[in-house]
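Have a look at the structure below before the remarks.
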Amino acid sequence: MSAPGNSVVFGTEDLLLSLCNSVTKVLTTATQSQIRFSGMVQRITKTCLKPDIGCFVLFDGGFSGLVVINFTAPAAMELYSSYLLNMGMTKAELAASHTSDEVSNVMGELMNQIVGDFTSKVGHELQTHITQNQPKMLVLNKQVILSVDTNLDQPEARRVSFFTGSNNIFYLELAVERTEFIRLGDFEPHEALDPDQLFAQTNGETVVPVAARADDGNDDLLKSLGM
């Protein structure tokens with residue numbers, strides 16, 4: 001969209017679209033199946049964790065927000081199974097239920113990759129810096145309202161429906177402080193450089209992806225949310 005003076009404005013819907021594209025990119029690559037999202041977006045007043053598996057990530061920096069993805073059991077099991085089968089595991093090695101810790105761990109890893117792709121891409125395009133917490137996955141049998149977004153300045157919330165390759169459904173929710181980025185002049189975003197990759201290339205080492213690194217320092221996050 002454009003503002004007076006032909007300045008380019010990047011707002012909430014642009015952030016949401018970028019996040020949706022990160023979801024489809026990461027999950028399509030991981031599962032080797034087509035992930036798609038609805039062309040309609042809902043304005044919502046609050047973000048919730050819902051059954052059967054709810055996952056949330058906080059991000060902060062140039063702007064603050066909360067990302068929630070709620071997976072139905074069939075959607076979670078399809079994504080989990082497809083991902084690990086593509087990694088070389090056999091069906092006999094897979095967990096049988098969405099309540100398994102292994103399923104939560106895999107979905108958390110995928111969530112981390114999604115938000116990492118989003119924060120890297122948007123932070124680079126908008127020439128700002130965003131950090132994220134380690135994703136938290138919860139197996140749920142009832143809805144849990146997340147009030148963390150009440151700390152945002154003029155929060156806006158959106159929900160988008162997603163569909164797996166087998167048409168199982170899951171939902172993305174984004175709560176972000178109301179903000180607009182306005183381009184002051186013409187510039188070409190440079191390709192983001194990963195310092196770890198550069199260091200490894202120089203030393204001939206193998207890099208462990210950021211998304212795969214464990215972060216045990218955020219256990220107090222759930223406590224701060226009253227969980």
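Residue numbering restarts at 1 in every chain; chains get A, B, ... in the order shown in the structure tokens, and ligands count up from 1 in that same order.
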Show me, as a Markdown table, the residues of range 103-188 of chain A having an atom within 9 Å of range 19-32 of chain A, each with the closest atom pair and its distance in Å, using only C-alpha atoms.
```
| residue | atom | partner | partner_atom | distance |
| --- | --- | --- | --- | --- |
| A:Leu110 | CA | A:Leu27 | CA | 7.3 |
| A:Met111 | CA | A:Val23 | CA | 8.3 |
| A:Gln113 | CA | A:Val26 | CA | 6.9 |
| A:Ile114 | CA | A:Val23 | CA | 5.5 |
| A:Val115 | CA | A:Ser22 | CA | 7.5 |
| A:Gly116 | CA | A:Ser22 | CA | 8.8 |
| A:Asp117 | CA | A:Ser22 | CA | 6.1 |
| A:Phe118 | CA | A:Leu19 | CA | 5.6 |
| A:Thr119 | CA | A:Leu19 | CA | 8.6 |
| A:Lys121 | CA | A:Ser22 | CA | 8.9 |
| A:Val122 | CA | A:Leu19 | CA | 8.8 |
| A:Val160 | CA | A:Cys20 | CA | 8.2 |
| A:Phe162 | CA | A:Thr24 | CA | 8.7 |
| A:Thr164 | CA | A:Thr28 | CA | 8.9 |
| A:Gly165 | CA | A:Thr28 | CA | 8.9 |
| A:Leu172 | CA | A:Cys20 | CA | 8.1 |
| A:Leu174 | CA | A:Leu19 | CA | 8.7 |
```
Can you list, as a PDB file with C-alpha atoms, in the first residue's frame, every protein, DNA or RNA residue that comes within 12 Å of Leu138 in chain A when you count only C-alpha atoms, leaving out same-chain residues fewer than 6 positions away?
```pdb
ATOM      1  CA  CYS A  48      -6.023 -18.260  22.717  1.00  0.00           C
ATOM      2  CA  LEU A  49      -4.345 -21.622  22.988  1.00  0.00           C
ATOM      3  CA  LYS A  50      -6.856 -24.254  21.880  1.00  0.00           C
ATOM      4  CA  PRO A  51      -7.012 -28.063  21.734  1.00  0.00           C
ATOM      5  CA  ASP A  52      -5.404 -30.266  20.727  1.00  0.00           C
ATOM      6  CA  ILE A  53      -1.891 -28.771  20.660  1.00  0.00           C
ATOM      7  CA  GLY A  54      -1.272 -25.082  21.244  1.00  0.00           C
ATOM      8  CA  CYS A  55       2.057 -23.394  20.644  1.00  0.00           C
ATOM      9  CA  PHE A  56       3.154 -19.827  21.269  1.00  0.00           C
ATOM     10  CA  VAL A  57       6.230 -17.680  20.741  1.00  0.00           C
ATOM     11  CA  VAL A  68       0.121 -18.678  18.385  1.00  0.00           C
ATOM     12  CA  ILE A  69      -0.519 -21.795  16.307  1.00  0.00           C
ATOM     13  CA  ASN A  70      -3.301 -24.169  17.339  1.00  0.00           C
ATOM     14  CA  PHE A  71      -3.090 -27.645  15.824  1.00  0.00           C
ATOM     15  CA  HIS A  98      -0.544 -36.438  19.567  1.00  0.00           C
ATOM     16  CA  THR A  99      -0.108 -36.416  23.360  1.00  0.00           C
ATOM     17  CA  SER A 100       3.379 -37.909  23.024  1.00  0.00           C
ATOM     18  CA  ASP A 101       6.271 -35.689  24.089  1.00  0.00           C
ATOM     19  CA  VAL A 103       5.132 -34.962  18.843  1.00  0.00           C
ATOM     20  CA  SER A 104       5.306 -31.787  20.935  1.00  0.00           C
ATOM     21  CA  ASN A 105       9.085 -31.613  20.501  1.00  0.00           C
ATOM     22  CA  MET A 107       6.050 -29.380  16.451  1.00  0.00           C
ATOM     23  CA  GLY A 108       8.054 -27.022  18.649  1.00  0.00           C
ATOM     24  CA  VAL A 144      -6.551 -21.143  27.440  1.00  0.00           C
ATOM     25  CA  LEU A 222       4.899 -20.018  31.378  1.00  0.00           C
ATOM     26  CA  MET A 227       0.363 -21.264  33.675  1.00  0.00           C
TER      27      MET A 227
END
```
>> For a test of reading the model, state the distance in Å between CA of His124 in chain A and CA of Lys136 in chain A, rounded to one decimal.
In response: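 Here the two named atoms are 25.1 Å from each other.
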>> Taking 4 positions as the minimum chain separation for residues in the same chain, which residues sit within 7 Å of range 129-133 of chain A when counting only C-alpha atoms? Answer as a PyMOL selection string.
In response: chain A and resi 57-62+119+123
For those residues, write N, CA and C atoms to a file as a PDB file, in the first residue's frame.
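What ended up in result02.pdb:
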```pdb
ATOM      1  N   VAL A  57       4.896 -18.272  20.741  1.00  0.00           N
ATOM      2  CA  VAL A  57       6.230 -17.680  20.741  1.00  0.00           C
ATOM      3  C   VAL A  57       6.075 -16.172  20.894  1.00  0.00           C
ATOM      4  N   LEU A  58       6.886 -15.593  21.748  1.00  0.00           N
ATOM      5  CA  LEU A  58       6.944 -14.142  21.894  1.00  0.00           C
ATOM      6  C   LEU A  58       8.131 -13.601  21.109  1.00  0.00           C
ATOM      7  N   PHE A  59       7.960 -12.440  20.504  1.00  0.00           N
ATOM      8  CA  PHE A  59       9.097 -11.773  19.884  1.00  0.00           C
ATOM      9  C   PHE A  59       9.111 -10.312  20.291  1.00  0.00           C
ATOM     10  N   ASP A  60      10.290  -9.723  20.270  1.00  0.00           N
ATOM     11  CA  ASP A  60      10.464  -8.364  20.764  1.00  0.00           C
ATOM     12  C   ASP A  60      11.608  -7.716  20.007  1.00  0.00           C
ATOM     13  N   GLY A  61      11.741  -6.414  20.145  1.00  0.00           N
ATOM     14  CA  GLY A  61      12.805  -5.673  19.468  1.00  0.00           C
ATOM     15  C   GLY A  61      12.226  -4.451  18.799  1.00  0.00           C
ATOM     16  N   GLY A  62      12.392  -4.383  17.457  1.00  0.00           N
ATOM     17  CA  GLY A  62      11.861  -3.249  16.715  1.00  0.00           C
ATOM     18  C   GLY A  62      10.365  -3.097  16.895  1.00  0.00           C
ATOM     19  N   THR A 119      11.081 -13.706  11.598  1.00  0.00           N
ATOM     20  CA  THR A 119      11.796 -12.602  12.239  1.00  0.00           C
ATOM     21  C   THR A 119      13.028 -12.198  11.441  1.00  0.00           C
ATOM     22  N   GLY A 123      12.826  -8.612   9.854  1.00  0.00           N
ATOM     23  CA  GLY A 123      13.847  -7.745  10.434  1.00  0.00           C
ATOM     24  C   GLY A 123      14.790  -7.206   9.381  1.00  0.00           C
TER      25      GLY A 123
END
```
>> I want to know what sits within 12 Å of Gln154 in chain A, based on only C-alpha atoms, with residues of the same chain fewer than 6 positions away left out; could you give that as a list in words?
In response: Thr12, Thr45, Phe63, Ser64, Gly65, Ala175, Val176, Glu177, Arg178 and Thr179 of chain A
Take the residues that were just selected and, keeping N, CA and C atoms, output them as a PDB file, in the first residue's frame.
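Output file selection-v6.pdb follows:
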```
ATOM      1  N   THR A  12       0.228  -4.000   9.737  1.00  0.00           N
ATOM      2  CA  THR A  12      -0.126  -5.267  10.381  1.00  0.00           C
ATOM      3  C   THR A  12      -0.427  -6.372   9.381  1.00  0.00           C
ATOM      4  N   THR A  45     -10.200 -10.299  19.084  1.00  0.00           N
ATOM      5  CA  THR A  45      -9.929  -9.404  20.215  1.00  0.00           C
ATOM      6  C   THR A  45      -8.985 -10.011  21.243  1.00  0.00           C
ATOM      7  N   PHE A  63       9.671  -4.211  17.040  1.00  0.00           N
ATOM      8  CA  PHE A  63       8.264  -4.211  17.434  1.00  0.00           C
ATOM      9  C   PHE A  63       8.019  -5.502  18.199  1.00  0.00           C
ATOM     10  N   SER A  64       6.955  -5.550  18.978  1.00  0.00           N
ATOM     11  CA  SER A  64       6.687  -6.691  19.847  1.00  0.00           C
ATOM     12  C   SER A  64       5.419  -7.409  19.410  1.00  0.00           C
ATOM     13  N   GLY A  65       5.358  -8.700  19.708  1.00  0.00           N
ATOM     14  CA  GLY A  65       4.181  -9.447  19.338  1.00  0.00           C
ATOM     15  C   GLY A  65       4.180 -10.855  19.891  1.00  0.00           C
ATOM     16  N   ALA A 175      -0.753 -11.534  17.440  1.00  0.00           N
ATOM     17  CA  ALA A 175      -1.043 -10.315  18.191  1.00  0.00           C
ATOM     18  C   ALA A 175       0.198  -9.441  18.133  1.00  0.00           C
ATOM     19  N   VAL A 176       0.042  -8.228  17.681  1.00  0.00           N
ATOM     20  CA  VAL A 176       1.193  -7.349  17.496  1.00  0.00           C
ATOM     21  C   VAL A 176       0.790  -5.929  17.843  1.00  0.00           C
ATOM     22  N   GLU A 177       1.735  -5.162  18.370  1.00  0.00           N
ATOM     23  CA  GLU A 177       1.419  -3.781  18.658  1.00  0.00           C
ATOM     24  C   GLU A 177       1.172  -3.027  17.357  1.00  0.00           C
ATOM     25  N   ARG A 178       0.231  -2.131  17.392  1.00  0.00           N
ATOM     26  CA  ARG A 178      -0.106  -1.385  16.185  1.00  0.00           C
ATOM     27  C   ARG A 178       1.077  -0.514  15.782  1.00  0.00           C
ATOM     28  N   THR A 179       1.570  -0.766  14.580  1.00  0.00           N
ATOM     29  CA  THR A 179       2.741  -0.036  14.119  1.00  0.00           C
ATOM     30  C   THR A 179       2.753   0.013  12.606  1.00  0.00           C
TER      31      THR A 179
END
```
Considering only alpha helix (DSSP H) as DSSP defines it on the backbone, what residues of range 25-134 of chain A qualify? List them as a PDB file with N, CA and C atoms, in the first residue's frame.
```pdb
ATOM      1  N   LYS A  25       6.092 -21.924   3.778  1.00  0.00           N
ATOM      2  CA  LYS A  25       7.434 -22.257   3.289  1.00  0.00           C
ATOM      3  C   LYS A  25       8.070 -23.344   4.143  1.00  0.00           C
ATOM      4  N   VAL A  26       8.083 -23.160   5.447  1.00  0.00           N
ATOM      5  CA  VAL A  26       8.758 -24.102   6.340  1.00  0.00           C
ATOM      6  C   VAL A  26       8.045 -25.448   6.354  1.00  0.00           C
ATOM      7  N   LEU A  27       6.721 -25.442   6.496  1.00  0.00           N
ATOM      8  CA  LEU A  27       5.987 -26.702   6.609  1.00  0.00           C
ATOM      9  C   LEU A  27       5.920 -27.454   5.281  1.00  0.00           C
ATOM     10  N   THR A  28       5.821 -26.730   4.176  1.00  0.00           N
ATOM     11  CA  THR A  28       5.833 -27.396   2.873  1.00  0.00           C
ATOM     12  C   THR A  28       7.169 -28.083   2.635  1.00  0.00           C
ATOM     13  N   THR A  29       8.255 -27.402   2.991  1.00  0.00           N
ATOM     14  CA  THR A  29       9.586 -27.987   2.835  1.00  0.00           C
ATOM     15  C   THR A  29       9.776 -29.178   3.774  1.00  0.00           C
ATOM     16  N   ALA A  30       9.307 -29.045   5.010  1.00  0.00           N
ATOM     17  CA  ALA A  30       9.517 -30.088   6.009  1.00  0.00           C
ATOM     18  C   ALA A  30       8.715 -31.344   5.712  1.00  0.00           C
ATOM     19  N   THR A  31       7.498 -31.170   5.215  1.00  0.00           N
ATOM     20  CA  THR A  31       6.608 -32.316   5.024  1.00  0.00           C
ATOM     21  C   THR A  31       6.524 -32.787   3.580  1.00  0.00           C
ATOM     22  N   ALA A  73      -5.514 -32.437  16.491  1.00  0.00           N
ATOM     23  CA  ALA A  73      -4.733 -33.674  16.586  1.00  0.00           C
ATOM     24  C   ALA A  73      -4.421 -34.266  15.216  1.00  0.00           C
ATOM     25  N   PRO A  74      -5.399 -34.343  14.290  1.00  0.00           N
ATOM     26  CA  PRO A  74      -5.072 -34.892  12.964  1.00  0.00           C
ATOM     27  C   PRO A  74      -4.029 -34.072  12.219  1.00  0.00           C
ATOM     28  N   ALA A  75      -4.107 -32.740  12.325  1.00  0.00           N
ATOM     29  CA  ALA A  75      -3.130 -31.880  11.642  1.00  0.00           C
ATOM     30  C   ALA A  75      -1.742 -32.074  12.241  1.00  0.00           C
ATOM     31  N   ALA A  76      -1.669 -32.115  13.571  1.00  0.00           N
ATOM     32  CA  ALA A  76      -0.375 -32.286  14.231  1.00  0.00           C
ATOM     33  C   ALA A  76       0.255 -33.625  13.862  1.00  0.00           C
ATOM     34  N   MET A  77      -0.538 -34.685  13.863  1.00  0.00           N
ATOM     35  CA  MET A  77      -0.003 -36.010  13.558  1.00  0.00           C
ATOM     36  C   MET A  77       0.419 -36.121  12.099  1.00  0.00           C
ATOM     37  N   GLU A  78      -0.324 -35.468  11.204  1.00  0.00           N
ATOM     38  CA  GLU A  78       0.059 -35.494   9.798  1.00  0.00           C
ATOM     39  C   GLU A  78       1.388 -34.777   9.581  1.00  0.00           C
ATOM     40  N   LEU A  79       1.523 -33.579  10.149  1.00  0.00           N
ATOM     41  CA  LEU A  79       2.753 -32.816   9.977  1.00  0.00           C
ATOM     42  C   LEU A  79       3.939 -33.525  10.633  1.00  0.00           C
ATOM     43  N   TYR A  80       3.722 -34.023  11.836  1.00  0.00           N
ATOM     44  CA  TYR A  80       4.767 -34.740  12.573  1.00  0.00           C
ATOM     45  C   TYR A  80       5.229 -35.972  11.793  1.00  0.00           C
ATOM     46  N   SER A  81       4.260 -36.781  11.343  1.00  0.00           N
ATOM     47  CA  SER A  81       4.595 -38.014  10.641  1.00  0.00           C
ATOM     48  C   SER A  81       5.310 -37.733   9.322  1.00  0.00           C
ATOM     49  N   SER A  82       4.777 -36.793   8.553  1.00  0.00           N
ATOM     50  CA  SER A  82       5.375 -36.490   7.250  1.00  0.00           C
ATOM     51  C   SER A  82       6.803 -35.981   7.413  1.00  0.00           C
ATOM     52  N   TYR A  83       7.017 -35.132   8.417  1.00  0.00           N
ATOM     53  CA  TYR A  83       8.342 -34.570   8.648  1.00  0.00           C
ATOM     54  C   TYR A  83       9.360 -35.663   8.959  1.00  0.00           C
ATOM     55  N   LEU A  84       9.009 -36.547   9.907  1.00  0.00           N
ATOM     56  CA  LEU A  84       9.973 -37.567  10.320  1.00  0.00           C
ATOM     57  C   LEU A  84      10.147 -38.650   9.252  1.00  0.00           C
ATOM     58  N   LEU A  85       9.090 -38.972   8.521  1.00  0.00           N
ATOM     59  CA  LEU A  85       9.232 -39.945   7.439  1.00  0.00           C
ATOM     60  C   LEU A  85      10.163 -39.394   6.362  1.00  0.00           C
ATOM     61  N   ASN A  86      10.072 -38.097   6.097  1.00  0.00           N
ATOM     62  CA  ASN A  86      10.975 -37.470   5.133  1.00  0.00           C
ATOM     63  C   ASN A  86      12.409 -37.412   5.647  1.00  0.00           C
ATOM     64  N   ASP A 101       5.286 -36.764  23.981  1.00  0.00           N
ATOM     65  CA  ASP A 101       6.271 -35.689  24.089  1.00  0.00           C
ATOM     66  C   ASP A 101       7.037 -35.510  22.786  1.00  0.00           C
ATOM     67  N   GLU A 102       7.247 -36.609  22.067  1.00  0.00           N
ATOM     68  CA  GLU A 102       7.981 -36.542  20.814  1.00  0.00           C
ATOM     69  C   GLU A 102       7.251 -35.670  19.798  1.00  0.00           C
ATOM     70  N   VAL A 103       5.920 -35.781  19.765  1.00  0.00           N
ATOM     71  CA  VAL A 103       5.132 -34.962  18.843  1.00  0.00           C
ATOM     72  C   VAL A 103       5.273 -33.488  19.207  1.00  0.00           C
ATOM     73  N   SER A 104       5.167 -33.176  20.486  1.00  0.00           N
ATOM     74  CA  SER A 104       5.306 -31.787  20.935  1.00  0.00           C
ATOM     75  C   SER A 104       6.689 -31.239  20.611  1.00  0.00           C
ATOM     76  N   ASN A 105       7.722 -32.066  20.785  1.00  0.00           N
ATOM     77  CA  ASN A 105       9.085 -31.613  20.501  1.00  0.00           C
ATOM     78  C   ASN A 105       9.261 -31.291  19.022  1.00  0.00           C
ATOM     79  N   VAL A 106       8.731 -32.154  18.161  1.00  0.00           N
ATOM     80  CA  VAL A 106       8.857 -31.928  16.719  1.00  0.00           C
ATOM     81  C   VAL A 106       8.072 -30.696  16.290  1.00  0.00           C
ATOM     82  N   MET A 107       6.851 -30.548  16.812  1.00  0.00           N
ATOM     83  CA  MET A 107       6.050 -29.380  16.451  1.00  0.00           C
ATOM     84  C   MET A 107       6.696 -28.098  16.968  1.00  0.00           C
ATOM     85  N   GLY A 108       7.338 -28.179  18.131  1.00  0.00           N
ATOM     86  CA  GLY A 108       8.054 -27.022  18.649  1.00  0.00           C
ATOM     87  C   GLY A 108       9.238 -26.650  17.781  1.00  0.00           C
ATOM     88  N   GLU A 109       9.943 -27.663  17.258  1.00  0.00           N
ATOM     89  CA  GLU A 109      11.063 -27.406  16.361  1.00  0.00           C
ATOM     90  C   GLU A 109      10.588 -26.719  15.081  1.00  0.00           C
ATOM     91  N   LEU A 110       9.485 -27.209  14.524  1.00  0.00           N
ATOM     92  CA  LEU A 110       8.936 -26.603  13.307  1.00  0.00           C
ATOM     93  C   LEU A 110       8.466 -25.174  13.581  1.00  0.00           C
ATOM     94  N   MET A 111       7.849 -24.959  14.743  1.00  0.00           N
ATOM     95  CA  MET A 111       7.404 -23.619  15.114  1.00  0.00           C
ATOM     96  C   MET A 111       8.591 -22.670  15.216  1.00  0.00           C
ATOM     97  N   ASN A 112       9.678 -23.154  15.786  1.00  0.00           N
ATOM     98  CA  ASN A 112      10.874 -22.335  15.923  1.00  0.00           C
ATOM     99  C   ASN A 112      11.422 -21.941  14.556  1.00  0.00           C
ATOM    100  N   GLN A 113      11.409 -22.883  13.615  1.00  0.00           N
ATOM    101  CA  GLN A 113      11.868 -22.584  12.269  1.00  0.00           C
ATOM    102  C   GLN A 113      10.965 -21.551  11.595  1.00  0.00           C
ATOM    103  N   ILE A 114       9.668 -21.667  11.813  1.00  0.00           N
ATOM    104  CA  ILE A 114       8.708 -20.731  11.211  1.00  0.00           C
ATOM    105  C   ILE A 114       8.961 -19.317  11.706  1.00  0.00           C
ATOM    106  N   VAL A 115       9.001 -19.150  13.018  1.00  0.00           N
ATOM    107  CA  VAL A 115       9.164 -17.808  13.582  1.00  0.00           C
ATOM    108  C   VAL A 115      10.564 -17.286  13.304  1.00  0.00           C
ATOM    109  N   GLY A 116      11.556 -18.171  13.274  1.00  0.00           N
ATOM    110  CA  GLY A 116      12.903 -17.739  12.930  1.00  0.00           C
ATOM    111  C   GLY A 116      12.978 -17.206  11.511  1.00  0.00           C
ATOM    112  N   ASP A 117      12.310 -17.900  10.584  1.00  0.00           N
ATOM    113  CA  ASP A 117      12.266 -17.429   9.200  1.00  0.00           C
ATOM    114  C   ASP A 117      11.571 -16.082   9.107  1.00  0.00           C
ATOM    115  N   PHE A 118      10.472 -15.943   9.850  1.00  0.00           N
ATOM    116  CA  PHE A 118       9.701 -14.700   9.843  1.00  0.00           C
ATOM    117  C   PHE A 118      10.493 -13.530  10.413  1.00  0.00           C
ATOM    118  N   THR A 119      11.081 -13.706  11.598  1.00  0.00           N
ATOM    119  CA  THR A 119      11.796 -12.602  12.239  1.00  0.00           C
ATOM    120  C   THR A 119      13.028 -12.198  11.441  1.00  0.00           C
ATOM    121  N   SER A 120      13.707 -13.194  10.857  1.00  0.00           N
ATOM    122  CA  SER A 120      14.883 -12.884  10.044  1.00  0.00           C
ATOM    123  C   SER A 120      14.491 -12.100   8.800  1.00  0.00           C
ATOM    124  N   LYS A 121      13.458 -12.567   8.131  1.00  0.00           N
ATOM    125  CA  LYS A 121      13.018 -11.943   6.885  1.00  0.00           C
ATOM    126  C   LYS A 121      12.488 -10.523   7.119  1.00  0.00           C
ATOM    127  N   VAL A 122      11.586 -10.384   8.087  1.00  0.00           N
ATOM    128  CA  VAL A 122      10.987  -9.078   8.344  1.00  0.00           C
ATOM    129  C   VAL A 122      12.001  -8.112   8.937  1.00  0.00           C
ATOM    130  N   GLY A 123      12.826  -8.612   9.854  1.00  0.00           N
ATOM    131  CA  GLY A 123      13.847  -7.745  10.434  1.00  0.00           C
ATOM    132  C   GLY A 123      14.790  -7.206   9.381  1.00  0.00           C
ATOM    133  N   HIS A 124      15.080  -8.031   8.370  1.00  0.00           N
ATOM    134  CA  HIS A 124      15.978  -7.606   7.301  1.00  0.00           C
ATOM    135  C   HIS A 124      15.285  -6.636   6.358  1.00  0.00           C
ATOM    136  N   GLU A 125      14.055  -6.972   5.962  1.00  0.00           N
ATOM    137  CA  GLU A 125      13.327  -6.119   5.020  1.00  0.00           C
ATOM    138  C   GLU A 125      13.021  -4.750   5.624  1.00  0.00           C
TER     139      GLU A 125
END
```
>> Between CA of Gln42 in chain A and CA of Ser161 in chain A, what distance in Å does the model show, to one decimal?
In response: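 Separation of CA of Gln42 in chain A and CA of Ser161 in chain A: 9.0 Å.
For range 39-127 of chain A, a DSSP pass over the backbone yields strand (DSSP E) at Gln42, Arg43, Ile44, Thr47, Cys48, Leu49, Ile53, Gly54, Cys55, Phe56, Val57, Leu58, Phe59, Asp60, Gly61, Gly65, Leu66, Val67, Val68, Ile69, Asn70 and Phe71 of chain A.
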